[in-house]
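**Q** Pasting in a structure now, in structure tokens, and then I'll have a few things to ask.
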Amino acid sequence: MPRDAVPQPVRLSDYRPPDWLVDTVHLDVRLHPTATRILARLAMRPNPEGREGSPIVLDGDELSLKSIALDGTPLAGSAYVTTAGTLTVLAPPQRALTLEIETVVDPSANTKLMGLYRSSGAYCTQCEAEGFRRITYFPDRPDVLAVYTTRIEAEREEAPVLLANGNPVESGAVEGTSRHYAIWHDPWPKPSYLFALVGGRLDRISDHFVTATGKKVELGIYVEPGKTERAGYAMDALKRSMRWDEEVFGCEYDLDVFNIVAVADFNMGAMENKGLNIFNDKYVLASPETATDADYANIEGIIAHEYFHNWTGNRITCRDWFQLCLKEGLTVFRDQEFSSDQRSRPVKRISDVRLLKGHQFPEDAGPLAHPVRPSTYREINNFYTATVYEKGAEVVRMLKTLLGEEGFRAGMDLYFDRHDGDAATVEDFLACFADANGVDLSRFALWYAQSGTPHLAVSGHWDAQARTYRLDVVQTLPPTPGQPEKQSMVIPLALGLVGPDGNDLPMRLDDGTNAERGVLLVTQPRQSFVFRDVAERPVASLNRGFSAPVKLTSDLTTQDLVFLARHDADPFNRFDAAQTIALAHLVEATAARRTGRDLPSPAALVEALGATLSDATLDPAFIAQALSLPSESDVAREIADDVDPDAIHDARQALRRALSAALTPALEGAYDRHAPTGAYAPDAASAGRRALRNACLDLLAAGGTAPGLARALAHFRDADNMTDRFLALSVLAHNAPDAREEALAAFYERFRDDPLVVDKWLALQAQIAEPGTLERVRGLTGHPAFSWGNPNRVRSLVGSFAGANQTQFNRADGAGHDFVADAVLELDGRNPQVAARLLAAFKSWRSLEPGRRASAERALRRVAAKPGLSPDVGDIVSRSLEPA
């Protein structure tokens with residue numbers, strides 16, 4: 001039976017411990033394409049902290065129950081009850097007991113890709129958050145931890161590789177049959193969401209890692225046959241991740257083997273199942289011919305992320321799903337730190353903040369806003385959000401800023417020592433930092449409880465006679481759904497005072513103390529900080545390194561910002577100063593476009609970017625970031641109300657043309673200086689050189705001049721790697737309609753047999769900001785390369801159209817909204833998770849101008865009116881339509 005399609009709200013305040021615990025789980029899984037049999041033997045006992053005399057209530061979803069026995073005796077039908085979502089043993093003896101349950105599932109029919117399913121002929125599982133209940137009946141919640149032993153049996157010809165969590169114990173032939181088996185044992189207690197199983201015809205690359213204490217760990221990466229040559233970078237990233245986690249956090253791996261499996265059909269990016277990580281193959285497979293520099297960086301970061309979960313997520317897991325940020329936000333912070341150490345820390349910080357602002361800030365400002373730790377949910381799959389992940393990471397980063405390097409490490413060490421083997425809470429986590437440092441973090445905990453992006457308005461006043469500089473800070477936090485009133489937050493505001501010579505001035509507060517580590521603590525609605533012995537007017541460099549996830553406005557002049565873009569010692573703020581100039585220009589230019597006025601001059605931005613381009617001391621990857629203008633979504637977020645996407649697009653295109661004309665000599669010089677000098681390599685330095693060269697090409701072509709477009713066409717034809725080839729194709733697709741179709745056809749013909757490269761081809765076409773794109777996308781849904789059943793294809797085509805093509809998704813005639821709504825309804829019965837994520841593209845619909853806003857609302861109401869919506873889509877659409 002399917003589970004209830006209209007789930008009741010789950011509230012953090014209603015949490016209570018499980019009534020029954022599971023000590024061990026023995027699974028016997030006999031794989032079959034349409035009738036896989038699972039025999040689960042659960043050693044259970046009453047929980048001393050549970051309710052005395054309780055029945056055993058187990059979760060289930062779309063299971064066929066074949067038998068149930070208690071201590072070896074089959075249960076009579078009157079002894080248990082099944083519903084759409086549960087199996088209840090009504091009056092079990094209140095002692096330790098063994099429950100044996102036999103279920104049958106159909107992996108081939110499981111299009112939801114949750115539980116046990118088949119992907120390209122291979123068997124695979126995905127159990128987070130609530131997928132294990134689609135395999136067998138179980139108390140499917142993260143605070144029930146058990147030791148698992150798994151026996152897998154399959155036809156040897158169909159599935160010669162059989163994998164599960166933990167260490168291999170035994171394998172062999174099933175006597176008298178063509179089948180074989182493997183037994184795996186995981187000695188570490190884990191929640192059911194970390195269970196994993198894989199069976200199929202897979203190739204393997206092998207390596208090993210020796211831990212800090214001398215333990216040899218066998219490493220394996222399994223891929224579809226014929227693709228092992230593209231898994232080498234993932235293996236290298238894994239080994240670097242393992243060493244880094246030992247050196248930086250003292251975390252050593254704890255099993256004899258570590259396996260990764262790459263599959264083609266996967267709802268998420270990857271999953272950290274204990275000892276058996278399962279990945280979307282786009283985050284494992286890479287070669288210079290097929291993967292861009294961004295792909296290599298993503299593989300490195302996501303391999304690290306899933307491995308780091310071994311401690312922050314697996315060894316210490318979540319008490320309940322409200323604590324999701326405790327594993328995801330913390331582990332995102334850890335993978336960001338890893339990538340920062342492996343590559344360029346300033347560039348990584350810039351890219352992470354761009355991601356936060358582009359995805360999480362709009363979430364905070366719309367109907368789907370929720371705290372880093374939500375207090376209620378209807379469908380937990382919808383809370384794997386930028387708020388939980390990216391903002392959750394920022395909260396951890398603020399802890400490090402507040403406590404310093406040593407204080408932060410002391411808190412992490414205590415967390416690992418105190419809670420190893422626990423299902424922990426945010427309170428447990430914060431208590432470790434408070435206890436390790438002797439500080440009170442009760443006010444800081446508001447970051448986990450309050451939704452929305454805090455606003456800081458900062459103004460500076462220099463008193464030449466008194467030689468003082470006063471910084472006035474006003475803090476506000478706007479209302480969000482369910483939270484009309486807010487308390488002031490604890491905000492670590494890192495800053496510097498930059499003197500006329502471009503150097504930082506000493507910062508002595510009026511009370512005679514120094515601003516420790518250059519960080520001010522903003523805790524009140526209004527605060528002032530006075531610095532003394534300031535002989536010359538400084539320029540305040542605010543929120544250095546993006547020390548807090550806030551929206552900042554200040555009284556800095558445009559020339560102040562140009563000065564910071566030239567001289568700021570903080571790389572992030574040097575970048576951000578130019579972005580602030582660009583954003584202000586684009587907001588003004590958008591308004592001018594809508595009212596028919598002349599566009600403002602971009603002279604200040606030309607000056608700032610020209611200085612950046614000519615600075616030979618800067619990292620090429622940093623310059624590339626500086627040249628990348630705020631996105632159309634960034635401008636829409638800044639405008640916030642009555643948004644006209646067409647006007648934003650026109651203003652941004654006009655600015656790109658103006659910059660191209662003004663900076664052509666500098667852009668051409670940088671392009672030529674960074675020409676490749678050898679074979680492709682994915683290292684950070686080489687990637688940075690390519691990034692700058694390609695950023696220059698993009699701006700040169702934006703002018704639409706014959707030389708610029710000819711350069712782009714030559715770049716496409718001469719490219720010897722995917723980074724250069726695809727960037728040039730993108731430039732042609734967006735700027736050269738006459739050359740576009742031939743280039744797109746040539747690209748497809750070359751890579752038609754590689755689905756991951758075809759995904760890039762689909763996504764690029766969906767992002768072309770022209771009226772004909774919607775019909776192009778409609779046509780591509782019928783292309784042989786597209787499949788509604790593969791999440792990667794859907795995300796590439798429909799997801800890119802909805803999320804990265806603001807003018808065409810938000811067409812004035814409403815056709816873009818209708819198309820995405822139709823896609824959601826098409827997908828809902830097949831894969832509700834993918835459908836719900838597509839629907840989240842409407843998260844900023846209330847900020848649109850009235851016509852488009854009405855169109856978006858009609859589309860949402862049409863989705864809401866469909867009978868039998870999945871809980872996933874029903875939850876998103878109902879929250880999207882709730883009154884503001």
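Every chain in the structure tokens has a letter given in the order shown (A, B, ...), and although residue numbers restart at 1 in each chain, ligands are simply numbered from 1 in the order shown.
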At a cut-off of 10 Å, using only C-alpha atoms, what residues contact Ala728 of chain A? Leave out same-chain residues fewer than 4 positions from it and give the result as a PyMOL selection string.
**A** chain A and resi 694+697-698+701+709+711-717+719+722-724+732-733+743
**Q** What parts of segment 411-605 of chain A does DSSP call strand (DSSP E)? I'd like the answer as a short mmCIF file (atom, residue, chain, number, x, y, z; two decimals) with N, CA, C and O atoms, in the first residue's frame.
**A**
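See selection.cif below for the written result:
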```cif
data_model
loop_
_atom_site.label_atom_id
_atom_site.label_comp_id
_atom_site.auth_asym_id
_atom_site.auth_seq_id
_atom_site.Cartn_x
_atom_site.Cartn_y
_atom_site.Cartn_z
N ALA A 423 23.05 9.66 18.60
CA ALA A 423 22.15 10.41 17.72
C ALA A 423 21.94 11.76 18.40
O ALA A 423 21.22 11.87 19.38
N ALA A 424 22.62 12.78 17.89
CA ALA A 424 22.79 14.04 18.62
C ALA A 424 21.84 15.12 18.13
O ALA A 424 21.15 14.98 17.11
N HIS A 455 19.60 41.90 8.05
CA HIS A 455 20.07 43.07 7.31
C HIS A 455 20.91 43.93 8.26
O HIS A 455 20.48 44.22 9.38
N LEU A 456 22.07 44.33 7.82
CA LEU A 456 22.90 45.27 8.56
C LEU A 456 23.05 46.55 7.76
O LEU A 456 23.49 46.51 6.60
N ALA A 457 22.66 47.67 8.35
CA ALA A 457 22.89 48.98 7.75
C ALA A 457 24.01 49.64 8.54
O ALA A 457 23.90 49.84 9.75
N VAL A 458 25.11 49.95 7.85
CA VAL A 458 26.31 50.43 8.52
C VAL A 458 26.68 51.81 7.97
O VAL A 458 26.69 52.02 6.75
N SER A 459 26.99 52.71 8.86
CA SER A 459 27.47 54.04 8.44
C SER A 459 28.68 54.41 9.29
O SER A 459 28.77 54.03 10.47
N GLY A 460 29.60 55.12 8.68
CA GLY A 460 30.83 55.51 9.37
C GLY A 460 30.95 57.02 9.48
O GLY A 460 30.53 57.76 8.57
N HIS A 461 31.55 57.48 10.58
CA HIS A 461 31.71 58.92 10.81
C HIS A 461 33.12 59.17 11.36
O HIS A 461 33.45 58.75 12.47
N TRP A 462 33.92 59.90 10.58
CA TRP A 462 35.29 60.23 11.00
C TRP A 462 35.31 61.64 11.57
O TRP A 462 34.84 62.58 10.93
N ASP A 463 35.83 61.77 12.77
CA ASP A 463 35.97 63.07 13.42
C ASP A 463 37.46 63.44 13.37
O ASP A 463 38.27 62.90 14.12
N THR A 468 38.83 60.22 15.80
CA THR A 468 38.06 59.01 16.07
C THR A 468 37.24 58.64 14.83
O THR A 468 36.96 59.48 13.97
N TYR A 469 36.90 57.39 14.78
CA TYR A 469 36.03 56.89 13.71
C TYR A 469 34.94 56.05 14.35
O TYR A 469 35.23 55.09 15.08
N ARG A 470 33.68 56.47 14.14
CA ARG A 470 32.55 55.76 14.74
C ARG A 470 31.81 54.98 13.67
O ARG A 470 31.48 55.50 12.61
N LEU A 471 31.55 53.73 14.01
CA LEU A 471 30.79 52.86 13.12
C LEU A 471 29.44 52.59 13.77
O LEU A 471 29.37 52.03 14.87
N ASP A 472 28.37 53.03 13.11
CA ASP A 472 27.02 52.80 13.60
C ASP A 472 26.40 51.64 12.83
O ASP A 472 26.42 51.62 11.59
N VAL A 473 25.84 50.68 13.56
CA VAL A 473 25.29 49.47 12.95
C VAL A 473 23.84 49.30 13.39
O VAL A 473 23.54 49.32 14.59
N VAL A 474 22.96 49.14 12.41
CA VAL A 474 21.55 48.87 12.68
C VAL A 474 21.24 47.48 12.14
O VAL A 474 21.46 47.18 10.97
N GLN A 475 20.70 46.63 13.03
CA GLN A 475 20.39 45.24 12.67
C GLN A 475 18.89 45.05 12.60
O GLN A 475 18.16 45.42 13.52
N THR A 476 18.39 44.46 11.50
CA THR A 476 16.98 44.09 11.39
C THR A 476 16.89 42.68 10.80
O THR A 476 17.78 42.24 10.06
N ILE A 491 26.00 38.51 15.61
CA ILE A 491 26.62 38.58 14.27
C ILE A 491 28.09 38.97 14.40
O ILE A 491 28.41 40.08 14.85
N PRO A 492 28.99 38.07 14.03
CA PRO A 492 30.41 38.42 14.02
C PRO A 492 30.72 39.22 12.75
O PRO A 492 30.67 38.68 11.64
N LEU A 493 31.03 40.49 12.91
CA LEU A 493 31.28 41.37 11.77
C LEU A 493 32.78 41.63 11.66
O LEU A 493 33.34 42.43 12.42
N ALA A 494 33.42 40.92 10.74
CA ALA A 494 34.85 41.13 10.53
C ALA A 494 35.04 42.40 9.69
O ALA A 494 34.29 42.65 8.75
N LEU A 495 36.04 43.20 10.05
CA LEU A 495 36.26 44.43 9.30
C LEU A 495 37.71 44.87 9.37
O LEU A 495 38.50 44.37 10.18
N GLY A 496 38.03 45.79 8.50
CA GLY A 496 39.30 46.48 8.53
C GLY A 496 39.06 47.94 8.22
O GLY A 496 38.06 48.30 7.59
N LEU A 497 39.94 48.79 8.69
CA LEU A 497 39.91 50.22 8.35
C LEU A 497 41.09 50.48 7.44
O LEU A 497 42.25 50.36 7.85
N VAL A 498 40.79 50.81 6.18
CA VAL A 498 41.83 50.94 5.17
C VAL A 498 42.21 52.42 5.04
O VAL A 498 41.35 53.27 4.78
N ARG A 508 41.93 50.33 17.37
CA ARG A 508 41.86 50.41 18.83
C ARG A 508 40.51 51.01 19.20
O ARG A 508 40.21 52.14 18.83
N LEU A 509 39.73 50.24 19.91
CA LEU A 509 38.43 50.74 20.33
C LEU A 509 38.59 51.80 21.40
O LEU A 509 39.63 51.90 22.06
N VAL A 519 37.28 41.45 14.54
CA VAL A 519 35.87 41.06 14.54
C VAL A 519 35.10 41.84 15.60
O VAL A 519 35.49 41.86 16.78
N LEU A 520 34.03 42.52 15.19
CA LEU A 520 33.11 43.16 16.11
C LEU A 520 31.92 42.25 16.34
O LEU A 520 31.48 41.55 15.42
N LEU A 521 31.38 42.26 17.54
CA LEU A 521 30.24 41.42 17.86
C LEU A 521 28.99 42.30 17.87
O LEU A 521 28.80 43.14 18.76
N VAL A 522 28.14 42.12 16.87
CA VAL A 522 26.90 42.86 16.77
C VAL A 522 25.80 42.02 17.40
O VAL A 522 25.51 40.90 16.94
N ARG A 526 20.66 48.33 17.60
CA ARG A 526 21.51 49.47 17.25
C ARG A 526 22.76 49.44 18.12
O ARG A 526 22.65 49.29 19.34
N GLN A 527 23.91 49.56 17.50
CA GLN A 527 25.16 49.61 18.23
C GLN A 527 26.11 50.58 17.54
O GLN A 527 26.04 50.78 16.32
N SER A 528 26.99 51.15 18.34
CA SER A 528 28.05 52.00 17.81
C SER A 528 29.39 51.52 18.34
O SER A 528 29.50 51.11 19.50
N PHE A 529 30.39 51.57 17.47
CA PHE A 529 31.75 51.20 17.84
C PHE A 529 32.65 52.38 17.49
O PHE A 529 32.64 52.85 16.35
N VAL A 530 33.40 52.85 18.47
CA VAL A 530 34.26 54.02 18.26
C VAL A 530 35.71 53.59 18.31
O VAL A 530 36.16 52.94 19.27
N PHE A 531 36.46 53.95 17.26
CA PHE A 531 37.88 53.65 17.18
C PHE A 531 38.65 54.95 17.40
O PHE A 531 38.29 56.00 16.87
N ARG A 532 39.72 54.88 18.16
CA ARG A 532 40.49 56.08 18.46
C ARG A 532 41.82 56.06 17.72
O ARG A 532 42.22 55.05 17.12
N VAL A 539 38.56 54.04 4.96
CA VAL A 539 37.44 53.41 4.25
C VAL A 539 37.20 52.07 4.94
O VAL A 539 38.11 51.25 5.07
N ALA A 540 35.99 51.87 5.41
CA ALA A 540 35.67 50.65 6.16
C ALA A 540 35.48 49.47 5.20
O ALA A 540 34.70 49.54 4.25
N SER A 541 36.23 48.41 5.46
CA SER A 541 36.08 47.15 4.73
C SER A 541 35.23 46.24 5.62
O SER A 541 35.69 45.73 6.64
N LEU A 542 33.96 46.06 5.24
CA LEU A 542 32.96 45.47 6.12
C LEU A 542 32.65 44.01 5.77
O LEU A 542 32.61 43.64 4.59
N LYS A 551 22.70 40.53 4.68
CA LYS A 551 22.62 41.52 3.61
C LYS A 551 23.12 42.83 4.18
O LYS A 551 22.57 43.34 5.16
N LEU A 552 24.15 43.38 3.58
CA LEU A 552 24.82 44.55 4.12
C LEU A 552 24.60 45.76 3.22
O LEU A 552 24.78 45.69 2.01
N THR A 553 24.19 46.86 3.82
CA THR A 553 24.17 48.14 3.11
C THR A 553 25.01 49.12 3.92
O THR A 553 25.12 49.01 5.14
N SER A 554 25.64 50.06 3.23
CA SER A 554 26.52 50.99 3.92
C SER A 554 26.48 52.34 3.23
O SER A 554 25.89 52.50 2.16
#
```
**Q** Please provide the set of residues having any atom within 6 Å of segment 131-139 of chain A, restricted to only C-alpha atoms, with same-chain residues fewer than 6 positions apart removed, written as a PyMOL selection string.
**A** chain A and resi 58-61+114-115
**Q** Using only C-alpha atoms for the distances, tell me which of A:Asn167, A:Ser686, A:Ser601, A:Ser351 is nearest to Pro620 of chain A.
**A**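 Checking each candidate against Pro620 of chain A, we get A:Ser686 as the closest.
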